[in-house]
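Peer 1: This is the content of model.csv (CSV, C-alpha atoms (C1' of nucleotides)):
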```csv
chain,number,residue,atom,x,y,z
A,1,MET,CA,34.3,9.8,12.2
A,2,GLN,CA,31.1,10.4,14.0
A,3,ILE,CA,27.5,11.4,13.2
A,4,HIS,CA,27.6,14.8,14.7
A,5,SER,CA,24.4,16.5,13.5
A,6,LYS,CA,20.8,15.8,12.8
A,7,GLU,CA,21.3,16.9,9.2
A,8,LEU,CA,24.0,14.4,8.7
A,9,LEU,CA,22.0,11.7,10.4
A,10,TYR,CA,18.9,12.1,8.2
A,11,GLY,CA,21.1,12.6,5.1
A,12,LEU,CA,22.9,9.4,5.8
A,13,SER,CA,19.7,7.5,6.5
A,14,GLU,CA,18.2,8.6,3.2
A,15,PHE,CA,21.4,7.8,1.4
A,16,TYR,CA,21.7,4.2,2.6
A,17,LYS,CA,18.0,3.6,2.1
A,18,ILE,CA,18.7,4.1,-1.6
A,19,PHE,CA,21.0,1.0,-1.6
A,20,GLY,CA,18.3,-1.0,0.0
A,21,ASP,CA,16.3,-2.0,-3.0
A,22,PRO,CA,17.0,-4.8,-5.5
A,23,THR,CA,16.1,-2.9,-8.6
A,24,ARG,CA,18.3,0.0,-7.6
A,25,LEU,CA,21.1,-2.3,-6.8
A,26,ARG,CA,20.8,-3.9,-10.2
A,27,ILE,CA,20.9,-0.5,-11.8
A,28,LEU,CA,24.1,0.4,-9.9
A,29,ASP,CA,25.5,-3.0,-10.8
A,30,VAL,CA,25.2,-2.5,-14.6
A,31,LEU,CA,26.4,1.1,-14.3
A,32,LEU,CA,29.6,-0.1,-12.7
A,33,ASN,CA,30.7,-1.3,-16.1
A,34,LYS,CA,29.8,1.8,-18.1
A,35,PRO,CA,27.4,4.7,-18.4
A,36,LEU,CA,24.0,3.7,-19.9
A,37,CYS,CA,20.9,5.5,-21.0
A,38,VAL,CA,17.5,4.7,-19.6
A,39,ASN,CA,16.3,2.4,-22.3
A,40,GLU,CA,19.5,0.4,-22.2
A,41,ILE,CA,19.1,-0.1,-18.5
A,42,SER,CA,15.5,-1.0,-18.9
A,43,ASP,CA,16.4,-3.6,-21.6
A,44,TYR,CA,19.3,-5.1,-19.7
A,45,LEU,CA,17.3,-5.5,-16.5
A,46,ASN,CA,14.1,-6.4,-18.1
A,47,VAL,CA,12.2,-3.8,-16.0
A,48,THR,CA,9.7,-1.3,-17.4
A,49,GLN,CA,11.0,2.1,-18.6
A,50,SER,CA,8.8,3.8,-16.0
A,51,ALA,CA,10.0,1.8,-13.1
A,52,ILE,CA,13.6,2.4,-14.1
A,53,SER,CA,13.0,6.1,-14.6
A,54,HIS,CA,11.4,6.4,-11.2
A,55,GLN,CA,14.3,4.6,-9.6
A,56,LEU,CA,16.9,6.6,-11.4
A,57,LYS,CA,15.3,9.7,-10.0
A,58,ASN,CA,15.8,8.4,-6.5
A,59,LEU,CA,19.4,7.4,-7.3
A,60,ARG,CA,20.0,10.8,-8.7
A,61,SER,CA,18.5,12.9,-6.0
A,62,SER,CA,20.6,11.1,-3.4
A,63,ASN,CA,23.7,11.6,-5.6
A,64,LEU,CA,24.4,8.0,-6.2
A,65,VAL,CA,24.4,8.5,-10.0
A,66,LYS,CA,25.0,11.5,-12.2
A,67,THR,CA,23.7,12.2,-15.7
A,68,GLU,CA,25.0,13.5,-19.0
A,69,LYS,CA,22.6,14.4,-21.8
A,70,ILE,CA,23.9,13.4,-25.3
A,71,GLY,CA,21.4,14.2,-28.1
A,72,GLN,CA,18.0,12.9,-26.9
A,73,LYS,CA,19.5,10.3,-24.6
A,74,VAL,CA,20.4,10.7,-21.0
A,75,TYR,CA,23.4,8.7,-19.9
A,76,TYR,CA,23.6,7.7,-16.2
A,77,SER,CA,26.7,6.7,-14.4
A,78,ILE,CA,27.9,6.1,-10.8
A,79,SER,CA,28.6,9.5,-9.3
A,80,ASP,CA,31.8,8.9,-7.4
A,81,ASP,CA,34.1,6.4,-5.8
A,82,HIS,CA,32.4,6.4,-2.4
A,83,ILE,CA,29.5,4.6,-4.0
A,84,LYS,CA,31.8,2.0,-5.5
A,85,ILE,CA,33.5,1.4,-2.2
A,86,ILE,CA,30.3,1.1,-0.3
A,87,LEU,CA,29.1,-1.5,-2.9
A,88,LYS,CA,32.4,-3.3,-2.8
A,89,TYR,CA,32.4,-3.7,1.0
A,90,GLY,CA,28.7,-4.6,1.1
A,91,ILE,CA,29.3,-7.3,-1.5
A,92,GLU,CA,32.3,-8.6,0.5
A,93,HIS,CA,30.4,-8.6,3.7
A,94,ILE,CA,27.4,-10.5,2.4
A,95,SER,CA,29.6,-12.9,0.5
A,96,GLU,CA,31.4,-13.8,3.7
A,97,VAL,CA,28.1,-14.1,5.6
A,98,MET,CA,26.7,-16.3,2.9
A,99,LEU,CA,29.4,-18.9,3.2
B,1,MET,CA,33.2,-7.1,-8.1
B,2,GLN,CA,29.7,-7.8,-9.4
B,3,ILE,CA,26.3,-8.9,-8.1
B,4,HIS,CA,26.4,-12.4,-9.6
B,5,SER,CA,23.4,-14.1,-8.0
B,6,LYS,CA,19.9,-13.5,-6.8
B,7,GLU,CA,20.9,-14.6,-3.3
B,8,LEU,CA,23.6,-12.0,-3.2
B,9,LEU,CA,21.3,-9.3,-4.6
B,10,TYR,CA,18.6,-9.9,-2.0
B,11,GLY,CA,21.1,-10.3,0.8
B,12,LEU,CA,22.7,-7.0,-0.2
B,13,SER,CA,19.4,-5.2,-0.4
B,14,GLU,CA,18.4,-6.4,3.1
B,15,PHE,CA,21.9,-5.5,4.4
B,16,TYR,CA,21.9,-1.9,3.1
B,17,LYS,CA,18.3,-1.4,4.2
B,18,ILE,CA,19.4,-1.8,7.8
B,19,PHE,CA,21.6,1.3,7.5
B,20,GLY,CA,18.7,3.3,6.2
B,21,ASP,CA,17.1,4.2,9.5
B,22,PRO,CA,18.1,7.0,11.9
B,23,THR,CA,17.6,5.0,15.1
B,24,ARG,CA,19.8,2.2,13.8
B,25,LEU,CA,22.4,4.6,12.6
B,26,ARG,CA,22.5,6.3,16.0
B,27,ILE,CA,22.9,2.8,17.6
B,28,LEU,CA,25.8,2.0,15.2
B,29,ASP,CA,27.3,5.4,16.0
B,30,VAL,CA,27.4,4.9,19.7
B,31,LEU,CA,28.7,1.4,19.3
B,32,LEU,CA,31.6,2.7,17.2
B,33,ASN,CA,33.1,3.9,20.5
B,34,LYS,CA,32.7,0.8,22.6
B,35,PRO,CA,30.4,-2.1,23.2
B,36,LEU,CA,27.2,-1.3,25.2
B,37,CYS,CA,24.3,-3.2,26.7
B,38,VAL,CA,20.7,-2.6,25.7
B,39,ASN,CA,19.9,-0.3,28.6
B,40,GLU,CA,23.0,1.9,28.1
B,41,ILE,CA,22.1,2.4,24.4
B,42,SER,CA,18.5,3.1,25.4
B,43,ASP,CA,19.7,5.7,27.9
B,44,TYR,CA,22.3,7.3,25.7
B,45,LEU,CA,19.9,7.7,22.8
B,46,ASN,CA,16.8,8.4,24.9
B,47,VAL,CA,14.8,5.8,23.0
B,48,THR,CA,12.6,3.2,24.7
B,49,GLN,CA,14.1,-0.1,25.6
B,50,SER,CA,11.6,-1.9,23.4
B,51,ALA,CA,12.4,0.2,20.3
B,52,ILE,CA,16.1,-0.3,20.9
B,53,SER,CA,15.7,-4.1,21.4
B,54,HIS,CA,13.7,-4.4,18.2
B,55,GLN,CA,16.3,-2.5,16.2
B,56,LEU,CA,19.1,-4.4,17.7
B,57,LYS,CA,17.4,-7.6,16.5
B,58,ASN,CA,17.4,-6.2,13.0
B,59,LEU,CA,21.0,-5.1,13.3
B,60,ARG,CA,22.0,-8.5,14.6
B,61,SER,CA,20.1,-10.6,12.1
B,62,SER,CA,21.9,-8.7,9.3
B,63,ASN,CA,25.2,-9.2,11.0
B,64,LEU,CA,25.9,-5.5,11.6
B,65,VAL,CA,26.4,-6.1,15.2
B,66,LYS,CA,27.4,-9.1,17.4
B,67,THR,CA,26.6,-9.8,21.0
B,68,GLU,CA,28.3,-11.1,24.1
B,69,LYS,CA,26.4,-12.0,27.2
B,70,ILE,CA,28.1,-11.0,30.5
B,71,GLY,CA,26.0,-11.9,33.5
B,72,GLN,CA,22.5,-10.7,32.9
B,73,LYS,CA,23.6,-8.0,30.4
B,74,VAL,CA,24.0,-8.4,26.7
B,75,TYR,CA,26.8,-6.4,25.2
B,76,TYR,CA,26.4,-5.3,21.6
B,77,SER,CA,29.3,-4.2,19.3
B,78,ILE,CA,30.0,-3.6,15.6
B,79,SER,CA,30.5,-6.9,14.0
B,80,ASP,CA,33.4,-6.2,11.7
B,81,ASP,CA,35.4,-3.6,9.7
B,82,HIS,CA,33.2,-3.7,6.6
B,83,ILE,CA,30.5,-2.0,8.6
B,84,LYS,CA,32.9,0.7,9.9
B,85,ILE,CA,34.1,1.3,6.3
B,86,ILE,CA,30.6,1.6,4.9
B,87,LEU,CA,29.8,4.1,7.6
B,88,LYS,CA,32.9,6.0,7.0
B,89,TYR,CA,32.4,6.4,3.3
B,90,GLY,CA,28.7,7.1,3.7
B,91,ILE,CA,29.6,9.9,6.2
B,92,GLU,CA,32.2,11.2,3.8
B,93,HIS,CA,29.8,11.2,0.9
B,94,ILE,CA,27.1,13.0,2.7
B,95,SER,CA,29.4,15.5,4.3
B,96,GLU,CA,30.7,16.4,0.8
B,97,VAL,CA,27.2,16.6,-0.6
B,98,MET,CA,26.0,18.8,2.2
B,99,LEU,CA,28.7,21.5,1.6
C,1,DT,C1',11.8,-18.7,46.7
C,2,DG,C1',10.6,-14.0,45.6
C,3,DA,C1',11.7,-9.5,44.0
C,4,DA,C1',14.3,-6.8,41.0
C,5,DT,C1',16.9,-6.1,36.8
C,6,DA,C1',17.8,-6.9,31.9
C,7,DT,C1',16.2,-8.1,27.6
C,8,DA,C1',13.0,-9.9,24.1
C,9,DT,C1',8.7,-10.4,21.7
C,10,DG,C1',3.9,-10.0,19.6
C,11,DA,C1',0.1,-7.4,17.9
C,12,DA,C1',-1.5,-3.1,16.0
C,13,DC,C1',-1.2,1.2,13.8
C,14,DA,C1',0.7,4.9,11.0
C,15,DA,C1',3.8,6.0,7.6
C,16,DT,C1',6.8,5.0,3.8
C,17,DT,C1',7.7,3.0,-0.6
C,18,DA,C1',8.0,0.2,-5.3
C,19,DT,C1',5.5,-0.8,-9.2
C,20,DT,C1',2.0,-0.2,-12.7
C,21,DC,C1',-0.7,2.3,-15.9
C,22,DA,C1',-1.6,6.2,-18.3
C,23,DT,C1',0.0,10.2,-20.0
C,24,DA,C1',3.1,14.2,-20.5
C,25,DT,C1',7.3,16.5,-22.2
C,26,DA,C1',11.1,17.0,-25.2
C,27,DA,C1',14.2,16.5,-29.0
C,28,DG,C1',15.6,14.8,-33.7
C,29,DG,C1',15.0,13.1,-38.3
C,30,DG,C1',12.6,13.1,-42.6
D,1,DC,C1',5.9,20.5,-39.2
D,2,DC,C1',4.8,15.7,-38.1
D,3,DC,C1',6.3,11.3,-36.3
D,4,DT,C1',9.2,8.7,-33.7
D,5,DT,C1',12.2,8.0,-30.0
D,6,DA,C1',13.6,8.9,-25.3
D,7,DT,C1',12.5,10.1,-20.8
D,8,DA,C1',9.8,11.9,-16.9
D,9,DT,C1',5.8,12.2,-14.0
D,10,DG,C1',1.4,11.6,-11.3
D,11,DA,C1',-2.0,8.9,-9.1
D,12,DA,C1',-3.2,4.6,-7.2
D,13,DT,C1',-2.4,0.3,-5.0
D,14,DA,C1',-0.1,-3.2,-2.4
D,15,DA,C1',3.5,-4.3,0.6
D,16,DT,C1',6.9,-3.2,4.0
D,17,DT,C1',8.4,-1.1,8.2
D,18,DG,C1',9.2,1.6,12.9
D,19,DT,C1',7.3,2.6,17.1
D,20,DT,C1',4.2,1.9,21.0
D,21,DC,C1',2.1,-0.8,24.5
D,22,DA,C1',1.7,-4.7,27.0
D,23,DT,C1',3.7,-8.7,28.4
D,24,DA,C1',7.0,-12.6,28.5
D,25,DT,C1',11.4,-14.7,29.5
D,26,DA,C1',15.6,-15.0,32.0
D,27,DT,C1',19.1,-14.1,35.4
D,28,DT,C1',21.0,-12.4,39.7
D,29,DC,C1',20.7,-11.4,44.5
D,30,DA,C1',18.8,-11.1,49.2
```
When written as structure tokens, how does the structure in this file appear?

Peer 2:
Amino acid sequence: MQIHSKELLYGLSEFYKIFGDPTRLRILDVLLNKPLCVNEISDYLNVTQSAISHQLKNLRSSNLVKTEKIGQKVYYSISDDHIKIILKYGIEHISEVML
Amino acid sequence: MQIHSKELLYGLSEFYKIFGDPTRLRILDVLLNKPLCVNEISDYLNVTQSAISHQLKNLRSSNLVKTEKIGQKVYYSISDDHIKIILKYGIEHISEVML
DNA sequence: TGAATATATGAACAATTATTCATATAAGGG
DNA sequence: CCCTTATATGAATAATTGTTCATATATTCA
């Protein structure tokens, strides 16, 4: 398991960067429970619809979340288990460090 | 497994941010093989000693790497398995996305 | 002690980025 | 068809960050 190409290196870097923002982490956190549409996320987190939408775009273009359109609503959810595992171990790591 | 406090949220955010830079990822990558001192890393990666030292400081203050001083050299290594797992799944995720 | 080696640090600059505000697009319901 | 709801987007601003350059600190050895 090694970073063997420039493409992988820059892809990885962009990928992890997406986890490095509190608003995006909060979005991922609420999506761990169940898929939600933009307005629901905005309401839950008390962050403007625009800010959420901008961040969802980032999350989506790095494949951390995926979408499903139902009627006029767009439901967002965590795209796969890699994301959940990375969150899990990050939380574990920080929880230990914080002790 | 949930982000239950502000402290955890900001800690996590800072933590993941550290993975989000190509130079730091390259450092972590070479440290996956074996502990190295600053100059060795600088030589392997062909990056100035100053840049490496600055980045090692970031890696260290977020507990991604730990140090051991031997003589006048300071050996850096990956601090624990959480870091390795997060790298592993990140690489897997990106490798899949890149196909 | 003095020179050489190893590492850290501080200031400065360029580049990136998160949010806000205003507005655009798009789809349903009446 | 209009009106409402849901979402996306673009520009602008403020804040953060990575590297460079110069220099400081610390340790070993002759």

Peer 1: Quick one: of B:Leu87, B:Leu45, B:Val97, B:Val38, who's nearest to chain C, counting all atoms listed in the file?

Peer 2: B:Val38

Peer 1: What is the atom CA of Ser5 of chain B-atom CA of Ser61 of chain B distance in Å, reported with one decimal?

Peer 2: 20.7 Å

Peer 1: Please determine the contact residues of chain D with respect to chain B at a cut-off of 10 Å, counting all atoms listed in the file, and supply them as a count of residues only.

Peer 2: 7

Peer 1: If you count all atoms listed in the file, which residues fall within 7 Å of Val65 of chain B, apart from same-chain ones fewer than 5 positions away, as an NGL selection string?

Peer 2: :B and (59-60 or 76-79)

Peer 1: Find the distance between atom CA of Val30 of chain B and atom CA of Met98 of chain A and write it in Å to one decimal.

Peer 2: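 Separation of atom CA of Val30 of chain B and atom CA of Met98 of chain A: 27.1 Å.
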
Peer 1: Quote the spacing between atom CA of Tyr44 of chain B and atom CA of Phe15 of chain B in Å to one decimal place.

Peer 2: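 Computed distance, atom CA of Tyr44 of chain B to atom CA of Phe15 of chain B, equals 24.9 Å.
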
Peer 1: I'd like a table as a Markdown table: residues in chain C with an atom no more than 9 Å from chain B, each row giving the shortest atom pair and its distance in Å to one decimal, all atoms listed in the file counted, sorted by chain and rising residue number.

Peer 2:
```
| residue | atom | partner | partner_atom | distance |
| --- | --- | --- | --- | --- |
| C:DT5 | C1' | B:Gln72 | CA | 8.2 |
| C:DA6 | C1' | B:Lys73 | CA | 6.1 |
| C:DT7 | C1' | B:Val38 | CA | 7.4 |
| C:DA8 | C1' | B:Ser53 | CA | 6.9 |
| C:DT9 | C1' | B:His54 | CA | 8.6 |
```

Peer 1: Could the residues of chain A within 8 Å of chain B, counting all atoms listed in the file, be given as number ranges by chain, please?

Peer 2: A: 1-3, 8-22, 25-26, 29, 63, 82, 85-86, 88-95, 97

Peer 1: Every residue with an atom at most 9 Å from (2.3, -8.3, 22.2) (file coordinates; all atoms listed in the file) is what I'm after, so could you write them as a list in words?

Peer 2: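 Residues found, by chain and rising number: DT9, DG10, DA11 and DA12 of chain C; DC21, DA22, DT23 and DA24 of chain D.
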
Peer 1: Keeping only C-alpha atoms (C1' of nucleotides), write the selected residues as a PDB file, in the frame of the given file.

Peer 2:
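And here's out01.pdb as it stands now:
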```
ATOM      1  C1'  DT C   9       8.700 -10.400  21.700  1.00  0.00           C
ATOM      2  C1'  DG C  10       3.900 -10.000  19.600  1.00  0.00           C
ATOM      3  C1'  DA C  11       0.100  -7.400  17.900  1.00  0.00           C
ATOM      4  C1'  DA C  12      -1.500  -3.100  16.000  1.00  0.00           C
TER       5       DA C  12
ATOM      6  C1'  DC D  21       2.100  -0.800  24.500  1.00  0.00           C
ATOM      7  C1'  DA D  22       1.700  -4.700  27.000  1.00  0.00           C
ATOM      8  C1'  DT D  23       3.700  -8.700  28.400  1.00  0.00           C
ATOM      9  C1'  DA D  24       7.000 -12.600  28.500  1.00  0.00           C
TER      10       DA D  24
END
```

Peer 1: Calculated over all atoms listed in the file, which of the candidates D:DA6, D:DC29, D:DC1, D:DA11 has the smallest distance to DA4 of chain C?

Peer 2: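 Looking at the shortest contact to DA4 of chain C, the residue is D:DC29.
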